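What follows is a short report on a single structure.
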Amino acid sequence: MAIIKAEKTPSRPAPIFETSIIGWLQKNLFSSVFNTVLTLFMLFIIYLSLSGIIGWGFIDATFVADNRRQCYDNSLTGACWAGVIDWLTNIFYGRYPRDEIWRIDFGALMLVFWMAPLWMPRVKGKVLIGASVVVFYPFLAGYLFAGGDKGLFMQIMISAAIVALIGNMANLITGLAKNESVVQFLLRVSGKMTAPDKTQRNLLLAILVLAFAAVFWWQTSWSAVGVPWTKWGGLFLTLVISGIGIASALPGGIILALGRRSKLPVVRVLSTSFIEIFRSVPLITVLFMATTMFPLFMPEGFVLNKLVQVIIAVVLFNACYMAETVRAGLQAIPKGQFEGAHTIGLGYWGTMGLVIMPQALKHMIPNIVGSFIGLLKDTTLVSIIGLFDILGMLRSISKDVPWLGLHKEPLIFGAMLFFILCFSMSKYSRHLETKLSAGNKH
Amino acid sequence: MAKENTQGVSARARPKEKFNFFHDQRVRSALYQLLTAGIVGWVAWYLISNTAYNLEVRGMNTGFGFWNVSAGFDTDFKLIDYTPGVGTFGRIFWIGALNTLFVSFLAIIASTLLGFFIGVLRLSSNWLVAKVALVYVEIFRNVPLLIQIVFWFIGVFSLLPRVKSTIDLSFGAERVLLNNRGLYMATPIPGNLFWMTLVALAVAIGGVIYYRRRARKLQDKSGIQTKTMLPSIAAIIVLPLAVFLATGMPLAWDVPTLQGFNFEGGTSVPPAFLALLVALTIYHAAQIAEAVRAGILSVSRGQSDAAMSIGLKPGRVMSLVIIPQAMPAIVPPMISNWMNTVKNSSLAIAIGYSDIVSLFMQTALNQAGYAVEMVGLTMLFYMTISLTISFFLNIYNKRVQLVER
């Protein structure tokens, strides 16, 4: 006779040791005598540093004062944040004319709106949006920041950029509201959904030309006050240099990486030596080369300003590092992809542009974010050759008469700012990495 | 009908394809290469001719004649003899190069040791220790090195006490002194019979190596373990010390003494050197810690389980099983970190340590004005270092790959 229980035995709860806080504490902090000593020692160190930091940075610190003397009168052992707060506008915008600062904010806001659709799953045409940011945004933002006379070329580019932005925003709205792209929306509204391709293309082209003409006519009616580049500074300048740096280094890096993997010996040797030369020297020597030797390279009477010299140096330098990132991405693509592309009759550029690069670029995004973090940190070097980027601004606080000798607080503020920027970006890139590699496993 | 016929023929015996000049692969590749070489050559020629013209118009000096011209400025830190006004620009180059190598060398050693330590702490089973190591790595990785260097220089080493209230780091012996002019250390001056102590040290080390080898052989043969650690340490310390005392302590010290406003004698390094060394060490230790952690994680868990199951203690599991297998994954990123340390030491220019960039590429260039040559030489120096290091890295990689199964 067998005894059979009618229902399943319920599973017992996990032992208290596994679930309770005390169990966790014992397992992770006090598992042995040695570990207990280590934990207590660490707690002591944490207590020492936290109490020091909080005491100096908050409790004894002065936040409101007119000059350093008043800080000292308030407390001798605390930080003098008043100096940093007094200079906050300078730290972010440099010596940009105060009445024109809205242009920088507006430019930044535009970028946010332009790029935001890239993160929205419902919005269509992401590749086009990404490309339009890289191609058109720099001209619009560049004119917005620099101002002055618009040449014909700039007028065309600005108008194109505005049309692209409007199109992008319309696409965002149609995407969110109706889950369709702006092109589909226009065709549906005009009732040409089923018309032949040629009619559709002509209609869209007509709308585009009309919009461009209208914007072009509108933009002749206004112009922005010129702001010389010497007034640019602070975090704004740092972001401009690193932004241009990463945006131009990517295409440059792709070309160099393809050159390095090329079957043509001349192309390969040239690309490889170019990459290796720039990768083996420090950035500061490249910057010095830019400021001392670029003027000699140029034909007589052609003068590059220092900002342009620096940007060229940063772009060259980073293109070589980006080339190695791209190369690593290309190496990760299995050989079957190349062979598959060849079998369906694609040539070199077809293979690379339509099959290999889209896959490789997707996997490179985390590394590209990583390079951008590195570039952002490296951009502080331009303060050495006399540009007033964020570090230059932070260091000039100590030369300002009311805050004479105030060194530590600005540097710590800058360090915190960079930490927040870089840490959040690196967290995001790690998140992307896990997301992409999870997608890859299916 | 005729059409069909020709098709049938071509399917069987293909007629010789018409030779199209531009569709031939060899012709095309040769053309592309010629085109690239042409463009690059033209750009190079254009830049060089512009440079030559500009140099001539501005009356700037060219050539390497400056190498043997005496330089008129002094430096605060040098490892080889140099007198301003007598020493040449060539000597300035070597002073700068040695200073760069000196600070990078020390920073590489210190950051590697610290990095290994923190990398292992990152994986500690103690939650708090692991988190503290994580905080260290994240803070120092995400703040620009230049800000860190400037902070250590201005915020720490420049705020040290003045010469009059020097800190004595040797507990009252006045052998190691620290103030805002730098770090002063007493230099040992060997006496007459000091060589005997060195001989004793060499004998002790040789003996220890022999002893350990024999112990190893014995263990391989019979499995009997001999204690080697304590006897070796004892031999290396006791024997030289005994000889040293027996010969009457033949070692004098060149002690830094306060003369006027500053310390004279001994060896000294400026605050900028200390700031650079500390900042480079801390920054690169964080990078190396990540490489070490990734390397250790790349060893599969089964390895440590197996090692524990044959009864090895946690410390020996790490040192005998995990680390040796993790090394191939750790070494390449670590060496590229060393390369970065050498390159990043060029940030010394921001705080005025006389490395090759600030001494040769800035001060000397401003004085003599051979822009092209001096910038070129400096870059050549860094390229030589990088190529040397990557040469050794390649050798290492080849060796590791051969061992790998």
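A note on labels: chains of the structure tokens are A, B, ... as shown, every chain counts residues from 1, and ligands are counted from 1 in their shown order.
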For chain A, which residues have at least one atom within 7 Å of chain B, if we go by only C-alpha atoms? Write them as a PyMOL selection string, please.
chain A and resi 28-29+35+39+42+264+266-267+277+280-282+285+289+292-293+296-299+377-378+380+384+407-408+411+415+418-419+422-423
Would you kindly return, as an MDAnalysis selection string, each protein, DNA or RNA residue with an atom no farther than 12 Å from any atom of B:Ile323, considering only C-alpha atoms and excluding same-chain residues fewer than 3 positions away?
chainID B and resid 116 119:120 292:300 303:304 315:320 326:331
Writer output for current selection, N, CA and C atoms, as a PDB file, in the first residue's frame:
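And here is the file that came out, result14.pdb:
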ATOM      1  N   PHE B 116      46.722  46.667  -9.413  1.00  0.00           N
ATOM      2  CA  PHE B 116      46.484  45.247  -9.125  1.00  0.00           C
ATOM      3  C   PHE B 116      45.736  45.096  -7.810  1.00  0.00           C
ATOM      4  N   GLY B 119      42.196  46.305  -8.235  1.00  0.00           N
ATOM      5  CA  GLY B 119      41.464  45.380  -9.101  1.00  0.00           C
ATOM      6  C   GLY B 119      41.028  44.139  -8.346  1.00  0.00           C
ATOM      7  N   VAL B 120      41.920  43.629  -7.460  1.00  0.00           N
ATOM      8  CA  VAL B 120      41.560  42.448  -6.669  1.00  0.00           C
ATOM      9  C   VAL B 120      40.509  42.827  -5.626  1.00  0.00           C
ATOM     10  N   VAL B 292      42.592  44.604 -14.698  1.00  0.00           N
ATOM     11  CA  VAL B 292      42.841  43.439 -13.856  1.00  0.00           C
ATOM     12  C   VAL B 292      41.524  42.729 -13.543  1.00  0.00           C
ATOM     13  N   ARG B 293      40.521  43.533 -13.212  1.00  0.00           N
ATOM     14  CA  ARG B 293      39.222  42.942 -12.877  1.00  0.00           C
ATOM     15  C   ARG B 293      38.657  42.164 -14.068  1.00  0.00           C
ATOM     16  N   ALA B 294      38.694  42.821 -15.251  1.00  0.00           N
ATOM     17  CA  ALA B 294      38.158  42.154 -16.442  1.00  0.00           C
ATOM     18  C   ALA B 294      38.935  40.876 -16.724  1.00  0.00           C
ATOM     19  N   GLY B 295      40.261  40.923 -16.530  1.00  0.00           N
ATOM     20  CA  GLY B 295      41.092  39.743 -16.782  1.00  0.00           C
ATOM     21  C   GLY B 295      40.733  38.603 -15.848  1.00  0.00           C
ATOM     22  N   ILE B 296      40.569  38.930 -14.568  1.00  0.00           N
ATOM     23  CA  ILE B 296      40.251  37.883 -13.595  1.00  0.00           C
ATOM     24  C   ILE B 296      38.870  37.290 -13.883  1.00  0.00           C
ATOM     25  N   LEU B 297      37.916  38.168 -14.263  1.00  0.00           N
ATOM     26  CA  LEU B 297      36.573  37.668 -14.564  1.00  0.00           C
ATOM     27  C   LEU B 297      36.565  36.797 -15.799  1.00  0.00           C
ATOM     28  N   SER B 298      37.582  36.981 -16.683  1.00  0.00           N
ATOM     29  CA  SER B 298      37.593  36.197 -17.917  1.00  0.00           C
ATOM     30  C   SER B 298      37.988  34.747 -17.662  1.00  0.00           C
ATOM     31  N   VAL B 299      38.579  34.473 -16.486  1.00  0.00           N
ATOM     32  CA  VAL B 299      38.899  33.086 -16.146  1.00  0.00           C
ATOM     33  C   VAL B 299      37.615  32.414 -15.662  1.00  0.00           C
ATOM     34  N   SER B 300      37.312  31.246 -16.218  1.00  0.00           N
ATOM     35  CA  SER B 300      36.005  30.668 -15.916  1.00  0.00           C
ATOM     36  C   SER B 300      35.938  30.232 -14.451  1.00  0.00           C
ATOM     37  N   GLN B 303      37.539  27.054 -12.804  1.00  0.00           N
ATOM     38  CA  GLN B 303      38.943  27.022 -12.413  1.00  0.00           C
ATOM     39  C   GLN B 303      39.100  27.241 -10.907  1.00  0.00           C
ATOM     40  N   SER B 304      38.396  28.267 -10.376  1.00  0.00           N
ATOM     41  CA  SER B 304      38.563  28.524  -8.947  1.00  0.00           C
ATOM     42  C   SER B 304      37.843  27.444  -8.134  1.00  0.00           C
ATOM     43  N   GLY B 315      43.951  32.533  -0.990  1.00  0.00           N
ATOM     44  CA  GLY B 315      45.092  33.311  -1.471  1.00  0.00           C
ATOM     45  C   GLY B 315      45.867  32.552  -2.537  1.00  0.00           C
ATOM     46  N   ARG B 316      46.039  31.232  -2.317  1.00  0.00           N
ATOM     47  CA  ARG B 316      46.804  30.436  -3.276  1.00  0.00           C
ATOM     48  C   ARG B 316      45.995  30.174  -4.540  1.00  0.00           C
ATOM     49  N   VAL B 317      44.655  30.071  -4.390  1.00  0.00           N
ATOM     50  CA  VAL B 317      43.805  29.932  -5.578  1.00  0.00           C
ATOM     51  C   VAL B 317      44.074  31.111  -6.493  1.00  0.00           C
ATOM     52  N   MET B 318      44.099  32.305  -5.898  1.00  0.00           N
ATOM     53  CA  MET B 318      44.344  33.520  -6.660  1.00  0.00           C
ATOM     54  C   MET B 318      45.724  33.483  -7.304  1.00  0.00           C
ATOM     55  N   SER B 319      46.770  33.236  -6.472  1.00  0.00           N
ATOM     56  CA  SER B 319      48.126  33.433  -6.982  1.00  0.00           C
ATOM     57  C   SER B 319      48.596  32.271  -7.842  1.00  0.00           C
ATOM     58  N   LEU B 320      48.086  31.055  -7.626  1.00  0.00           N
ATOM     59  CA  LEU B 320      48.590  29.917  -8.394  1.00  0.00           C
ATOM     60  C   LEU B 320      47.698  29.544  -9.573  1.00  0.00           C
ATOM     61  N   ALA B 326      44.803  34.614 -15.923  1.00  0.00           N
ATOM     62  CA  ALA B 326      44.236  35.907 -16.292  1.00  0.00           C
ATOM     63  C   ALA B 326      45.274  36.781 -16.992  1.00  0.00           C
ATOM     64  N   MET B 327      46.561  36.486 -16.792  1.00  0.00           N
ATOM     65  CA  MET B 327      47.613  37.364 -17.312  1.00  0.00           C
ATOM     66  C   MET B 327      47.488  37.672 -18.811  1.00  0.00           C
ATOM     67  N   PRO B 328      47.266  36.676 -19.686  1.00  0.00           N
ATOM     68  CA  PRO B 328      47.157  37.003 -21.106  1.00  0.00           C
ATOM     69  C   PRO B 328      46.072  38.037 -21.396  1.00  0.00           C
ATOM     70  N   ALA B 329      45.010  38.072 -20.579  1.00  0.00           N
ATOM     71  CA  ALA B 329      43.958  39.066 -20.799  1.00  0.00           C
ATOM     72  C   ALA B 329      44.306  40.395 -20.145  1.00  0.00           C
ATOM     73  N   ILE B 330      45.155  40.345 -19.107  1.00  0.00           N
ATOM     74  CA  ILE B 330      45.464  41.584 -18.383  1.00  0.00           C
ATOM     75  C   ILE B 330      46.594  42.352 -19.065  1.00  0.00           C
ATOM     76  N   VAL B 331      47.611  41.616 -19.534  1.00  0.00           N
ATOM     77  CA  VAL B 331      48.829  42.306 -19.981  1.00  0.00           C
ATOM     78  C   VAL B 331      48.615  43.291 -21.138  1.00  0.00           C
TER      79      VAL B 331
END
If you run DSSP on the backbone here, which positions in stretch 76-231 of chain B get helix (DSSP H, G or I)? Please write them as number ranges by chain.
B: 89-122, 127-141, 145-157, 163-165, 194-222, 229-231
Need the shell around stretch 122-134 of chain A: protein/DNA/RNA residues with any atom at most 8 Å away, counting only C-alpha atoms. Skip same-chain ones fewer than 3 positions apart. Format as a PyMOL selection string?
chain A and resi 111+114-115+117-118+137-138+161+164+168+171-172+175-176+179-181+247
Identify which of the residues B:Val69, B:Ala234, B:Leu134, B:Ile310 lies closest to B:Gln367, counting only C-alpha atoms when measuring atom-to-atom distances.
B:Val69
Please return as a VMD selection string: the residues of stretch 191-258 of chain B that backbone DSSP assigns to strand (DSSP E or B).
chain B and resid 251 to 254 257 to 258
Emit the selected residues as a tab-separated table (two decimals), in the first residue's frame, including N, CA and C atoms.
chain	number	residue	atom	x	y	z
B	251	LEU	N	79.16	53.72	5.83
B	251	LEU	CA	78.20	54.44	4.97
B	251	LEU	C	77.92	55.80	5.60
B	252	ALA	N	78.24	56.84	4.86
B	252	ALA	CA	77.94	58.19	5.37
B	252	ALA	C	76.69	58.70	4.65
B	253	TRP	N	76.04	59.70	5.18
B	253	TRP	CA	74.84	60.26	4.56
B	253	TRP	C	75.08	61.71	4.20
B	254	ASP	N	74.70	62.05	2.99
B	254	ASP	CA	74.70	63.46	2.59
B	254	ASP	C	73.33	64.00	2.97
B	257	THR	N	70.59	70.03	4.59
B	257	THR	CA	70.60	70.93	5.75
B	257	THR	C	70.11	72.30	5.33
B	258	LEU	N	69.52	72.99	6.28
B	258	LEU	CA	68.97	74.31	6.00
B	258	LEU	C	70.11	75.31	5.89
I'd like to know which of B:Leu230, B:Ala286, B:Leu393, B:Leu79 is closest to B:Leu113, using only C-alpha atoms.
B:Ala286
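Note that the spacing between atom CA of A:Ile46 and atom CA of A:Gly23 amounts to 22.9 Å.
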Closest to A:Phe212 among A:Ile166, A:Leu375, A:Ala360, A:Val182, using only C-alpha atoms?
A:Ile166
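Between atom CA of B:Ala202 and atom CA of B:Pro188 lies a distance of 19.1 Å.
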What is the atom CA of B:Ala364-atom CA of B:Ala71 distance in Å, reported with one decimal?
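Taking atom CA of B:Ala364 and atom CA of B:Ala71, their separation equals 7.8 Å.
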Would you mind listing what lies within 10 Å of A:Ala213 as a list in words, with only C-alpha atoms counted and same-chain residues fewer than 6 positions away left out?
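Skipping anything fewer than 6 positions along the chain leaves Ile156, Ser159, Ala160, Val163, Ile207 and Gln219 of chain A.
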What's the 12 Å shell around A:Gly107, counting only C-alpha atoms, without same-chain residues fewer than 2 positions away, as number ranges by chain?
A: 100-105, 109-114, 137-146, 236, 240
Write out as an MDAnalysis selection string which residues come within 6 Å of stretch 78-94 of chain A when counting only C-alpha atoms, dropping same-chain ones fewer than 6 positions away.
chainID A and resid 56:57 60:65 71 232:236 390 393 410
